[in-house]
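Undergrad: Attaching a single structure in structure tokens format; questions to follow.
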Amino acid sequence: MGRSRTDLLVFIAKRLAVLPFVLLGIIAITFFFTHIAVRNPCASWIPHAHPGALQNCINYFGLNQPLTTQFVKYLSSLAAGNWGIDPLGGQPVAPVILAAVPATIELVLASLFLMVVIGIPLGVIAANSNGRWADHLVRVLYLSGWATPTYLGALVLAVIVGPAVGLPSGGAYTTSTPPFPQPTHFSVIDALLAGSPSGVADAFSHLILPATALAFLNMGIATRMTRSSMLEVLPLDYVKTARMKGLSDIFVVYKHALRNSLISTTTVLGITAGSLLSGTVVIEEIFRWPGMGDYAFNAITSYNFAGTIATVVIFALGVVIANLVADVLYGVLDPRVEWR
Amino acid sequence: MIGARRDDGVTLEPPSANEPLLKVEDLSIEYRVGAGTFQAVRDVSFELYPGRVLGIVGETGCGKSTLAHAIPRLLPEPPAKIRSGKIIYQGVDLAQVPKWKIPRVRGTGVGMVFQEPINSLNPSFRIYSQVVESIRVRRMRDAGKMPSFQPGPQAFDYSRRPQLSTAEAMAHPLTPVLPSGIRDRGPPPIPKQLREEVLEALRLVRINDPETILGLYPHELSGGMRQRVMIAMALSQRPTLLIADEPTSALDVTIQAQVLSLMKELMEEVKTSILFISHDLGVIAEMADEVGVMYAGHLVELGPVDEVFGHPGHPYTRALLDSVPTRYKDDGPLPSLGGNVPNLSRLPPGCPFHTRCPIAEAPCSVSPGPLLEILPGRPPGIQHRAACLYPERVEARP
């Protein structure tokens, strides 16, 4: 118990040690939910099918076996590295999903960036003009973001704002596949690796609207948290001490007060990760962003069980990692925290 | 009665400078809470001369802390508001200085030490970085790289003030005891010369081996050590006026005694003017040249500390003195005043104390008595004034 590097590594190792159990639980829940809800997906996979073909399908996927047997079979194939196949195309789901993961990470990180560089300063401004017009303006802004349904806000951005300001609102590039290789599947990074300035500009302009849509809807929580924790910190003696050193107001607020306000903001941002990830399903669908949300939507609506379970597991992994990062940052920001 | 006081053998030295460093005139401060207003400070006037220590004493809620915070404009405005009056520091009325210019007055001009050393250091930064900030501000202002307060025509002469030096005789050294499990965090990433100045500032407050605490966080220090760091930070800026807002009230009695004697030594060395706020009469008697007594937002008595405590001119001061336990008194419970401090949003007309006063007469409930000189004709700085119509009826202390 302490704050040395070993303590931190032990802390992270402990948190990661429970991860397999969390994932197993999630796999089980998703598996049974999907398989109990839709007992015979073959009928929707091959509509108007010949009864013999339906029976072949059921036999092929083992759908007539008891659920527990199916689950054990699924787990053993997972353990062998086989994530299952998409029944519609007959393709393995793994490569398609793994290619979609970076696009979603890119979108989430871009909107997290916007939430941090816009949401947090807005909270600071609101707290420092407590009760005056700037505070009210910020409050209206974040409440409207908070209260807007995800699909509505995203649609307004895609259909009205995008064309009005000349920003693209579909896909990750103007062409469906860029004229350069995609080793990482991060649109901006691939363009940078290819050394194509026009490609970077293209990828970047395609990222702005979906990232803004995702950020706008979740920014409220960063702003709100920063505002309220800063209001708690500002009257404290150590802020007065900093003021009494003769430091300027801006310096006092952004160095002494913000550092301590960020402790709670960070925790909340970690919790928002889940809401950001689930937001990507709608946002990616509307902006045709080639990420996991888009894939998850299609997988669920087409009873692609293997794809559904895999995306849910990856989303869950994302939430767990985001919370772990938030916990580590929490300790980095607050020297009184011990890793345990 | 009055004549007798002149012959009690106390010699009073008037301050060497003619102009006060700080002159507070008819200062009234109110708090707006909801629909109501609270008169926290009402028509307070006093002067503080260069090199002197003025104590402000009074019970909790009497407005002494509000007064201390109002001088460097540290009160949150709103809810606080300076309703009227002047805070003339070096000839400039701080109450009129625009808010964005106020930081220039702080630090090298007016420094402050707070009550709770647990809360007054930033928990997220190491000791060295917090001390370095103070030193950097002073250095940058000395070099003209950071705007500082333009002293008025009656400015205190900086060049006449002795420079701080490390005390050779450490009468009250404190050696840091490192909490267990703290590993060496290495030398702080600051230039060597700056590091030397930090160490000097910490040695000034008698911290032995200051190198050991440079890399620590405030929560890894004891309360007394933290308050020494606070004092070191304030003094490292070489303030012209130091406001000490109950600097020892939150400390254990033994630590309190250590910090008090340290401050007393430092006062001799540094010769900074000090406004010392405390609820403890003993502490004030020990530290201050002059004392102001506050009651319900009013300054009811002001004068040289020995005179005020020996021959109080206000019945409230007398009552306050009576409530101090002494080891010689063995005649039952300590006397206490009947009634309560009046509600600050609905003060009675007249003297704020008349409802509880043992010697009040009819005129006391009509208009508040102004601070009147008890012994007229003294030079400024050693006058004894009380806001009482009948100061001669207040008994001297045995």
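Numbering starts fresh at 1 for the residues of each chain in the structure tokens, the chains themselves are lettered A, B, ... in the order given, and ligands are numbered from 1 as they appear.
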With a distance cut-off of 9 Å and only C-alpha atoms, select the neighbouring residues of region 36-48 of chain B, excluding the residue or stretch itself and same-chain residues fewer than 5 positions from it, and output the selection as a PyMOL selection string.
TA: chain B and resi 20-31+53-54+61-64+66-67+84-86+273-275+290+292+296-300+302+343-347+371+380-381
Undergrad: Residues of chain B near chain A: apply a cut-off of 6 Å, count only C-alpha atoms, and supply the list as a PyMOL selection string.
TA: chain B and resi 103-104+106-107+119-122+124+134
Undergrad: Generate a file of the selected residues that holds C-alpha atoms, formatted as a compact mmCIF listing (two decimals), in the first residue's frame.
TA:
```txt
# COMPACT_ATOMS: atom_id res chain seq x y z
CA PRO B 103 -3.31 40.88 -7.19
CA ARG B 104 -0.55 43.49 -7.54
CA ARG B 106 -0.93 41.01 -2.61
CA GLY B 107 2.15 39.03 -1.70
CA ASN B 119 -6.21 23.68 4.45
CA SER B 120 -3.97 26.55 3.53
CA LEU B 121 -1.42 24.59 1.51
CA ASN B 122 -2.51 23.08 -1.79
CA SER B 124 -1.70 18.58 -4.89
CA SER B 134 6.02 32.96 -3.69
```
Undergrad: For Lys101 (chain B), work out the shell of residues within 10 Å, counting only C-alpha atoms and skipping chain neighbours fewer than 3 positions away, then give it as a tab-separated table (two decimals) with N, CA and C atoms, in the first residue's frame.
TA:
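Written output follows (out04.tsv):
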```
chain	number	residue	atom	x	y	z
A	248	SER	N	-2.04	35.99	-10.51
A	248	SER	CA	-3.22	36.51	-11.20
A	248	SER	C	-4.37	35.52	-11.05
B	94	LEU	N	-7.66	50.88	-1.16
B	94	LEU	CA	-7.81	49.55	-1.78
B	94	LEU	C	-9.26	49.23	-2.09
B	97	VAL	N	-9.70	50.22	-5.69
B	97	VAL	CA	-8.84	49.65	-6.73
B	97	VAL	C	-9.64	48.61	-7.51
B	98	PRO	N	-9.61	48.68	-8.87
B	98	PRO	CA	-10.38	47.69	-9.63
B	98	PRO	C	-9.90	46.27	-9.33
B	104	ARG	N	-1.82	42.77	-7.64
B	104	ARG	CA	-0.55	43.49	-7.54
B	104	ARG	C	-0.24	43.92	-6.11
B	105	VAL	N	-1.29	44.12	-5.32
B	105	VAL	CA	-1.08	44.55	-3.94
B	105	VAL	C	-0.67	43.37	-3.07
B	106	ARG	N	-1.10	42.18	-3.47
B	106	ARG	CA	-0.93	41.01	-2.61
B	106	ARG	C	0.48	40.45	-2.71
B	147	PRO	N	3.73	43.20	-13.03
B	147	PRO	CA	3.25	44.47	-12.49
B	147	PRO	C	3.09	44.39	-10.98
B	148	SER	N	3.54	45.43	-10.31
B	148	SER	CA	3.33	45.47	-8.87
B	148	SER	C	2.63	46.76	-8.52
B	149	PHE	N	2.25	46.83	-7.30
B	149	PHE	CA	1.46	47.95	-6.80
B	149	PHE	C	2.29	49.22	-6.83
```
Undergrad: Hey, which of A:Lys14, A:Arg288, A:Arg224, A:His185 ends up closest to Val140 (chain A)? Count only C-alpha atoms.
TA: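 Nearest candidate to Val140 (chain A) out of A:Lys14, A:Arg288, A:Arg224, A:His185: A:Arg224.
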Undergrad: For the atom pair CA of Val324 (chain B) and CA of Pro391 (chain B), what is the interatomic distance in Å to one decimal place?
TA: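 Between CA of Val324 (chain B) and CA of Pro391 (chain B) the gap is 21.0 Å.
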Undergrad: Can you pull out the residues contacting region 259-268 of chain B? Cut-off 9 Å, using only C-alpha atoms, and skip same-chain residues under 3 positions away; I want them as a PyMOL selection string.
TA: chain B and resi 51+53+171-172+204-206+224+227-228+231+247-248+251+254-256+271-274+283+286-287
Undergrad: Hey, what does DSSP flag as strand (DSSP E or B) within region 20-250 of chain B? Can you give it to me as an NGL selection string?
TA: :B and (22-33 or 36-48 or 53-57 or 80-89 or 92-93 or 106 or 110-113 or 174 or 207 or 241-245)
Undergrad: Among region 45-246 of chain A, which ones does DSSP place in helix (DSSP H, G or I), written as a PyMOL selection string?
TA: chain A and resi 45+51-61+67-79+93-128+133-147+150-165+187-193+197-233+237-244
Undergrad: For those residues, write C-alpha atoms to a file as a CSV table (one decimal), in the first residue's frame.
TA:
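Printed below is part-v3.csv as written:
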```csv
chain,number,residue,atom,x,y,z
A,45,TRP,CA,-31.5,-15.6,-42.0
A,51,PRO,CA,-38.2,-26.7,-44.9
A,52,GLY,CA,-35.2,-28.9,-45.7
A,53,ALA,CA,-32.9,-26.0,-46.0
A,54,LEU,CA,-34.1,-24.6,-42.7
A,55,GLN,CA,-33.4,-28.0,-41.0
A,56,ASN,CA,-30.0,-28.0,-42.6
A,57,CYS,CA,-29.3,-24.5,-41.2
A,58,ILE,CA,-30.5,-25.6,-37.7
A,59,ASN,CA,-28.3,-28.7,-37.8
A,60,TYR,CA,-25.3,-26.7,-39.2
A,61,PHE,CA,-25.4,-24.1,-36.3
A,67,LEU,CA,-28.5,-24.1,-24.8
A,68,THR,CA,-25.9,-25.2,-22.3
A,69,THR,CA,-24.3,-27.5,-24.8
A,70,GLN,CA,-24.4,-24.6,-27.4
A,71,PHE,CA,-22.8,-22.3,-24.8
A,72,VAL,CA,-20.0,-24.8,-24.0
A,73,LYS,CA,-19.3,-25.3,-27.7
A,74,TYR,CA,-19.2,-21.5,-28.2
A,75,LEU,CA,-16.8,-21.0,-25.3
A,76,SER,CA,-14.5,-23.8,-26.6
A,77,SER,CA,-14.4,-22.3,-30.1
A,78,LEU,CA,-13.7,-18.9,-28.5
A,79,ALA,CA,-10.9,-20.4,-26.5
A,93,VAL,CA,-16.7,-12.0,-37.7
A,94,ALA,CA,-13.2,-11.4,-36.1
A,95,PRO,CA,-11.4,-9.6,-38.9
A,96,VAL,CA,-14.4,-7.4,-39.7
A,97,ILE,CA,-14.9,-6.3,-36.0
A,98,LEU,CA,-11.1,-5.8,-35.4
A,99,ALA,CA,-11.0,-3.5,-38.5
A,100,ALA,CA,-14.0,-1.5,-37.1
A,101,VAL,CA,-12.6,-1.1,-33.5
A,102,PRO,CA,-10.0,1.6,-34.4
A,103,ALA,CA,-12.6,3.8,-36.1
A,104,THR,CA,-14.7,3.7,-32.9
A,105,ILE,CA,-11.7,4.4,-30.6
A,106,GLU,CA,-10.8,7.3,-32.9
A,107,LEU,CA,-14.4,8.7,-32.7
A,108,VAL,CA,-14.6,8.3,-28.9
A,109,LEU,CA,-11.1,9.8,-28.3
A,110,ALA,CA,-11.9,12.7,-30.6
A,111,SER,CA,-15.1,13.5,-28.7
A,112,LEU,CA,-13.4,12.9,-25.3
A,113,PHE,CA,-10.8,15.5,-26.5
A,114,LEU,CA,-13.6,17.9,-27.3
A,115,MET,CA,-15.3,17.3,-24.0
A,116,VAL,CA,-12.0,18.0,-22.2
A,117,VAL,CA,-10.9,21.1,-24.1
A,118,ILE,CA,-14.4,22.6,-24.4
A,119,GLY,CA,-16.4,21.1,-21.6
A,120,ILE,CA,-14.0,21.6,-18.8
A,121,PRO,CA,-13.1,25.3,-19.6
A,122,LEU,CA,-16.9,26.0,-19.8
A,123,GLY,CA,-17.3,24.6,-16.3
A,124,VAL,CA,-14.4,26.8,-15.1
A,125,ILE,CA,-16.0,29.9,-16.7
A,126,ALA,CA,-19.4,29.0,-15.2
A,127,ALA,CA,-18.0,28.5,-11.7
A,128,ASN,CA,-16.1,31.8,-11.8
A,133,TRP,CA,-24.9,35.7,-17.3
A,134,ALA,CA,-21.9,33.6,-18.4
A,135,ASP,CA,-23.0,30.9,-15.8
A,136,HIS,CA,-26.5,30.9,-17.1
A,137,LEU,CA,-25.4,30.7,-20.7
A,138,VAL,CA,-23.2,27.7,-20.0
A,139,ARG,CA,-26.0,26.1,-18.0
A,140,VAL,CA,-28.4,26.5,-20.9
A,141,LEU,CA,-25.7,25.1,-23.3
A,142,TYR,CA,-25.0,21.9,-21.3
A,143,LEU,CA,-28.6,21.3,-20.3
A,144,SER,CA,-29.7,21.5,-24.0
A,145,GLY,CA,-26.9,19.1,-24.9
A,146,TRP,CA,-27.9,16.8,-22.0
A,147,ALA,CA,-31.6,17.0,-22.9
A,150,THR,CA,-28.9,11.5,-29.3
A,151,TYR,CA,-30.4,10.7,-32.6
A,152,LEU,CA,-32.0,14.2,-32.9
A,153,GLY,CA,-28.9,16.1,-32.1
A,154,ALA,CA,-26.8,14.0,-34.5
A,155,LEU,CA,-29.4,14.3,-37.3
A,156,VAL,CA,-29.5,18.1,-36.9
A,157,LEU,CA,-25.7,18.2,-37.2
A,158,ALA,CA,-25.6,15.8,-40.1
A,159,VAL,CA,-28.5,17.2,-42.1
A,160,ILE,CA,-28.6,20.9,-41.3
A,161,VAL,CA,-25.3,22.0,-39.8
A,162,GLY,CA,-23.0,19.9,-41.9
A,163,PRO,CA,-24.2,21.2,-45.3
A,164,ALA,CA,-24.5,24.7,-43.9
A,165,VAL,CA,-20.9,24.9,-42.8
A,187,SER,CA,-8.5,7.3,-40.4
A,188,VAL,CA,-6.3,10.3,-39.5
A,189,ILE,CA,-3.3,8.1,-38.5
A,190,ASP,CA,-3.5,6.1,-41.8
A,191,ALA,CA,-3.5,9.3,-43.8
A,192,LEU,CA,-0.6,10.6,-41.8
A,193,LEU,CA,1.3,7.4,-42.3
A,197,PRO,CA,-1.8,16.1,-46.6
A,198,SER,CA,-5.0,16.1,-48.5
A,199,GLY,CA,-5.9,12.7,-47.0
A,200,VAL,CA,-5.3,14.0,-43.5
A,201,ALA,CA,-7.5,17.0,-44.2
A,202,ASP,CA,-10.2,14.7,-45.7
A,203,ALA,CA,-10.1,12.3,-42.8
A,204,PHE,CA,-10.1,15.1,-40.2
A,205,SER,CA,-13.0,16.9,-41.8
A,206,HIS,CA,-15.0,13.7,-41.7
A,207,LEU,CA,-14.2,13.3,-38.0
A,208,ILE,CA,-15.4,16.7,-36.9
A,209,LEU,CA,-19.2,16.3,-37.1
A,210,PRO,CA,-19.7,12.9,-35.6
A,211,ALA,CA,-17.2,13.7,-32.8
A,212,THR,CA,-19.0,17.0,-32.1
A,213,ALA,CA,-22.3,15.2,-32.0
A,214,LEU,CA,-21.0,12.6,-29.6
A,215,ALA,CA,-19.2,15.2,-27.5
A,216,PHE,CA,-22.1,17.7,-27.4
A,217,LEU,CA,-24.5,15.2,-26.0
A,218,ASN,CA,-22.0,14.1,-23.2
A,219,MET,CA,-20.2,17.3,-22.6
A,220,GLY,CA,-22.8,18.5,-20.1
A,221,ILE,CA,-21.5,16.1,-17.5
A,222,ALA,CA,-17.9,17.3,-17.7
A,223,THR,CA,-19.0,20.9,-17.6
A,224,ARG,CA,-21.4,20.3,-14.7
A,225,MET,CA,-18.9,18.3,-12.7
A,226,THR,CA,-16.1,20.8,-13.2
A,227,ARG,CA,-18.4,23.7,-12.3
A,228,SER,CA,-19.7,22.1,-9.1
A,229,SER,CA,-16.3,20.8,-7.9
A,230,MET,CA,-14.7,24.1,-8.7
A,231,LEU,CA,-17.4,25.9,-6.7
A,232,GLU,CA,-16.4,23.7,-3.8
A,233,VAL,CA,-12.7,24.3,-4.2
A,237,ASP,CA,-8.0,28.4,2.1
A,238,TYR,CA,-5.3,27.1,-0.3
A,239,VAL,CA,-6.9,29.0,-3.1
A,240,LYS,CA,-6.8,32.1,-0.9
A,241,THR,CA,-3.2,31.4,-0.1
A,242,ALA,CA,-2.5,31.3,-3.9
A,243,ARG,CA,-4.3,34.5,-4.4
A,244,MET,CA,-2.4,36.1,-1.5
```
Undergrad: Near Asp322 (chain B), counting only C-alpha atoms, which residues have an atom at most 8 Å away, once you skip same-chain residues fewer than 6 positions from it, shown as a VMD selection string?
TA: chain B and resid 334 to 336
Undergrad: So what do you get for CA of His35 (chain A) versus CA of Thr301 (chain A), distance-wise?
TA: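 Computing it gives 13.9 Å between the two atoms.
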